[in-house]
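A.B. asks: Just dropping this structure here.
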Amino acid sequence: MYRRSQKNESGHDRAATPRRRLLAAAAFAPLLAVAGTGPASAGATSAGAGESGTKEAGSGAGAEAGRGYGTGATAGAAPEPVRPVATTLADWKGVAQAMGRPGSVLNDVMYRTRFPRHDLNVVSQGVRVTPGLALASHIGFIRYADGSTLAMGDMAVTEDELQRVSDALIEHGIAQTAIHKHLLAHEPDIWWTHVHVHGRDPMAMARGFRAAFDATATPPARPMKPPPPLDLDVRAMDDVLGTEGLNDGGIYKSVFARRETITEHGMVLPAGLGSTSAFNFQPLGGGQAAVNGDFVMIASEIQTVHSLLRNGGISLVELHNHGLSEEPRLFFTHFWGVGDGVELAKALRPAVDATQVVPAEN
């Protein structure tokens with residue numbers, strides 16, 4: 001097993017390996033497959049500026065989608081896509097203050113803030129769903145070499161909250177790129193909306209996201225705690241799936257990343273982020289678990305994956321997109337299963353093998 005080195009804002013262990021940092025982004029798995037339009041309200045700061053740079057005349061947050069990207073392109077050649085740049089927690093201090101809670105930097109390029117819905121008591125298929133299994137919101141910020149910032153995530157909201165959240169996002173110029181469910185029949189009804197904005201004023205973005213969260217009953221952040229032990233045969237599950245999972249606050253998570261480089265409007269999306277198959281196992285006692293998560297696929301893989309999941313007794317929840325214009329085009333199938341943890345892993349493995357993914361450490 002890999003050495004664990006530090007803890008992030010959720011209190012779970014982070015490993016010293018790149019794979020652990022990717023695993024920490026598991027629940028955030030689909031967040032980067034999003035659209036390339038941004039709001040006028042997010043403003044525009046000069047290229048390379050920090051959170052509060054000077055305004056640049058005539059350039060709004062949506063201007064990036066129509067510009068040439070990269071440097072050094074020759075006439076007639078496609079411009080090189082813009083790549084993320086490394087950041088530290090200090091670079092996002094103002095964003096953290098605007099969001100109202102601390103976050104963590106993953107893979108040295110993404111600043112991520114989590115909003116678990118501890119206030120909700122959701123039951124699906126007779127299972128009380130914990131926030132780590134399927135009831136957490138996530139927002140991530142990435143800075144690019146051209147000085148722009150991409151912010152995206154997904155929000156878990158009740159049906160009563162959804163329209164207020166949508167109104168707040170629209171008011172602040174933040175795009176909704178998907179609205180769907182992650183669970184089968186459940187009470188109360190929960191919806192997930194994926195959100196996206198690209199521009200040059202991360203502080204304005206953070207204020208917009210904060211307004212959307214203020215339209216919900218999402219509770220304040222809780223103090224970090226060590227993850228509880230897992231009543232699962234995780235070593236056997238790892239052997240079946242061919243990858244080492246992570247105890248994230250009492251949920252066992254396994255992650256696989258797409259092999260391809262994913263781009264969006266000339267921006268390279270960080271490897272393994274927004275293009276992952278993420279499996280969350282919630283222990284139910286006696287080695288039993290509820291598993292929820294999603295598979296990331298290109299179009300030609302979808303029907304094979306669905307067939308293999310059903311052959312393994314896994315329930316299909318929804319097939320949809322999380323973004324609007326990523327390349328290659330990605331699709332996500334959310335699924336659900338209850339049973340012995342090792343047997344659930346065995347049911348998932350054939351579908352993993354049918355997609356162009358690798359364990360997240362690669």
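Letters A, B, ... go to the chains of the structure tokens in the order shown; residues in each chain start at 1; ligands are counted from 1 in the same order.
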Wanna dump the region 76-162 of chain A-region 265-280 of chain A contacts at 8 Å for me, each residue with its shortest atom pair and the distance in Å to one decimal, counting only C-alpha atoms, ordered by chain and number, as a tab-separated table?
C.D. replies:
```
residue	atom	partner	partner_atom	distance
A:Glu80	CA	A:Gly266	CA	7.6
A:Pro81	CA	A:Gly266	CA	4.6
A:Val82	CA	A:Met267	CA	4.8
A:Arg83	CA	A:Val268	CA	5.2
A:Pro84	CA	A:Pro270	CA	7.0
A:Val109	CA	A:Pro270	CA	7.8
A:Gly132	CA	A:Asn280	CA	7.9
A:Leu133	CA	A:Asn280	CA	5.8
```
A.B. asks: Please produce a file of those selected residues containing N, CA, C and O atoms, as a compact mmCIF listing (two decimals), in the first residue's frame.
C.D. replies:
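Generated output (again-v2.txt):
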```
# COMPACT_ATOMS: atom_id res chain seq x y z
N GLU A 80 -1.29 25.76 -30.26
CA GLU A 80 -1.13 24.80 -29.17
C GLU A 80 -2.15 25.09 -28.09
O GLU A 80 -2.40 26.26 -27.76
N PRO A 81 -2.78 24.06 -27.51
CA PRO A 81 -3.74 24.31 -26.43
C PRO A 81 -3.04 24.86 -25.20
O PRO A 81 -1.86 24.59 -24.95
N VAL A 82 -3.77 25.66 -24.45
CA VAL A 82 -3.24 26.26 -23.23
C VAL A 82 -3.25 25.23 -22.12
O VAL A 82 -4.23 24.48 -21.95
N ARG A 83 -2.20 25.19 -21.33
CA ARG A 83 -2.08 24.20 -20.27
C ARG A 83 -2.23 24.85 -18.89
O ARG A 83 -1.94 26.04 -18.71
N PRO A 84 -2.66 24.08 -17.91
CA PRO A 84 -2.75 24.59 -16.54
C PRO A 84 -1.37 24.91 -15.99
O PRO A 84 -0.36 24.36 -16.43
N VAL A 109 -2.38 21.72 -9.42
CA VAL A 109 -3.00 22.60 -10.42
C VAL A 109 -4.44 22.96 -10.12
O VAL A 109 -4.95 23.94 -10.69
N GLY A 132 -20.58 11.36 1.61
CA GLY A 132 -19.46 10.90 0.81
C GLY A 132 -19.84 9.96 -0.31
O GLY A 132 -19.13 9.84 -1.31
N LEU A 133 -20.97 9.26 -0.17
CA LEU A 133 -21.40 8.34 -1.21
C LEU A 133 -21.97 9.09 -2.40
O LEU A 133 -21.62 8.81 -3.55
```
A.B. asks: Just the residues within 7 Å of Arg143 (chain A), please, counting only C-alpha atoms, with nothing from its chain fewer than 4 positions along; format it as a PDB file with all heavy atoms, in the first residue's frame.
C.D. replies:
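Heads up, here's the output in selection_17.pdb:
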```
ATOM      1  N   PRO A  84      -2.663  24.081 -17.910  1.00  0.00           N
ATOM      2  CA  PRO A  84      -2.750  24.591 -16.537  1.00  0.00           C
ATOM      3  C   PRO A  84      -1.371  24.912 -15.991  1.00  0.00           C
ATOM      4  O   PRO A  84      -0.359  24.357 -16.430  1.00  0.00           O
ATOM      5  CB  PRO A  84      -3.386  23.428 -15.770  1.00  0.00           C
ATOM      6  CG  PRO A  84      -3.993  22.544 -16.803  1.00  0.00           C
ATOM      7  CD  PRO A  84      -3.152  22.698 -18.025  1.00  0.00           C
ATOM      8  N   VAL A  85      -1.332  25.808 -15.031  1.00  0.00           N
ATOM      9  CA  VAL A  85      -0.082  26.134 -14.341  1.00  0.00           C
ATOM     10  C   VAL A  85      -0.214  25.748 -12.869  1.00  0.00           C
ATOM     11  O   VAL A  85      -1.309  25.660 -12.328  1.00  0.00           O
ATOM     12  CB  VAL A  85       0.265  27.628 -14.467  1.00  0.00           C
ATOM     13  CG1 VAL A  85       0.491  27.999 -15.930  1.00  0.00           C
ATOM     14  CG2 VAL A  85      -0.836  28.500 -13.864  1.00  0.00           C
ATOM     15  N   GLY A 147      -3.252  33.211 -18.156  1.00  0.00           N
ATOM     16  CA  GLY A 147      -3.732  34.071 -17.085  1.00  0.00           C
ATOM     17  C   GLY A 147      -5.202  33.911 -16.769  1.00  0.00           C
ATOM     18  O   GLY A 147      -5.703  34.524 -15.826  1.00  0.00           O
ATOM     19  N   SER A 148      -5.919  33.114 -17.552  1.00  0.00           N
ATOM     20  CA  SER A 148      -7.343  32.919 -17.282  1.00  0.00           C
ATOM     21  C   SER A 148      -7.541  31.844 -16.224  1.00  0.00           C
ATOM     22  O   SER A 148      -6.627  31.093 -15.885  1.00  0.00           O
ATOM     23  CB  SER A 148      -8.080  32.536 -18.570  1.00  0.00           C
ATOM     24  OG  SER A 148      -7.676  31.256 -19.023  1.00  0.00           O
ATOM     25  N   THR A 149      -8.752  31.782 -15.711  1.00  0.00           N
ATOM     26  CA  THR A 149      -9.125  30.791 -14.699  1.00  0.00           C
ATOM     27  C   THR A 149     -10.368  30.046 -15.161  1.00  0.00           C
ATOM     28  O   THR A 149     -11.317  30.657 -15.667  1.00  0.00           O
ATOM     29  CB  THR A 149      -9.403  31.462 -13.340  1.00  0.00           C
ATOM     30  OG1 THR A 149      -8.196  32.049 -12.853  1.00  0.00           O
ATOM     31  CG2 THR A 149      -9.901  30.432 -12.312  1.00  0.00           C
ATOM     32  N   LEU A 150     -10.346  28.733 -14.990  1.00  0.00           N
ATOM     33  CA  LEU A 150     -11.500  27.891 -15.264  1.00  0.00           C
ATOM     34  C   LEU A 150     -12.025  27.394 -13.924  1.00  0.00           C
ATOM     35  O   LEU A 150     -11.267  26.872 -13.112  1.00  0.00           O
ATOM     36  CB  LEU A 150     -11.086  26.710 -16.142  1.00  0.00           C
ATOM     37  CG  LEU A 150     -12.171  25.717 -16.562  1.00  0.00           C
ATOM     38  CD1 LEU A 150     -13.196  26.404 -17.452  1.00  0.00           C
ATOM     39  CD2 LEU A 150     -11.544  24.531 -17.288  1.00  0.00           C
TER      40      LEU A 150
END
```
A.B. asks: Can you list, as a VMD selection string, every residue of region 122-323 of chain A that DSSP puts in strand (DSSP E)?
C.D. replies: chain A and resid 122 to 124 127 to 129 136 to 143 149 to 158 175 to 180 186 to 187 190 to 199 246 to 248 251 to 258 263 to 264 267 to 268 276 to 285 288 to 297 315 to 320
A.B. asks: Considering only C-alpha atoms, state which residue in the set A:Ala96, A:Ile139, A:Thr218, A:Trp192 is at the smallest distance from Leu120 (chain A).
C.D. replies: A:Thr218
A.B. asks: Quick one: residues within 10 Å of Ala347 (chain A), only C-alpha atoms, excluding same-chain residues fewer than 6 positions away - as a PyMOL selection string?
C.D. replies: chain A and resi 240-241+308-314+337+341
A.B. asks: According to DSSP computed on the backbone, where in region 38-281 of chain A is there helix (DSSP H, G or I)? Give the residues as an MDAnalysis selection string.
C.D. replies: chainID A and resid 40:42 61:66 89:99 131:134 159:171 202:214 234:241
A.B. asks: Could you give me, as an MDAnalysis selection string, the residues within 9 Å of Leu169 (chain A), counting only C-alpha atoms and dropping anything in the same chain fewer than 5 positions from it?
C.D. replies: chainID A and resid 164 174:176 195 208:209 211:212
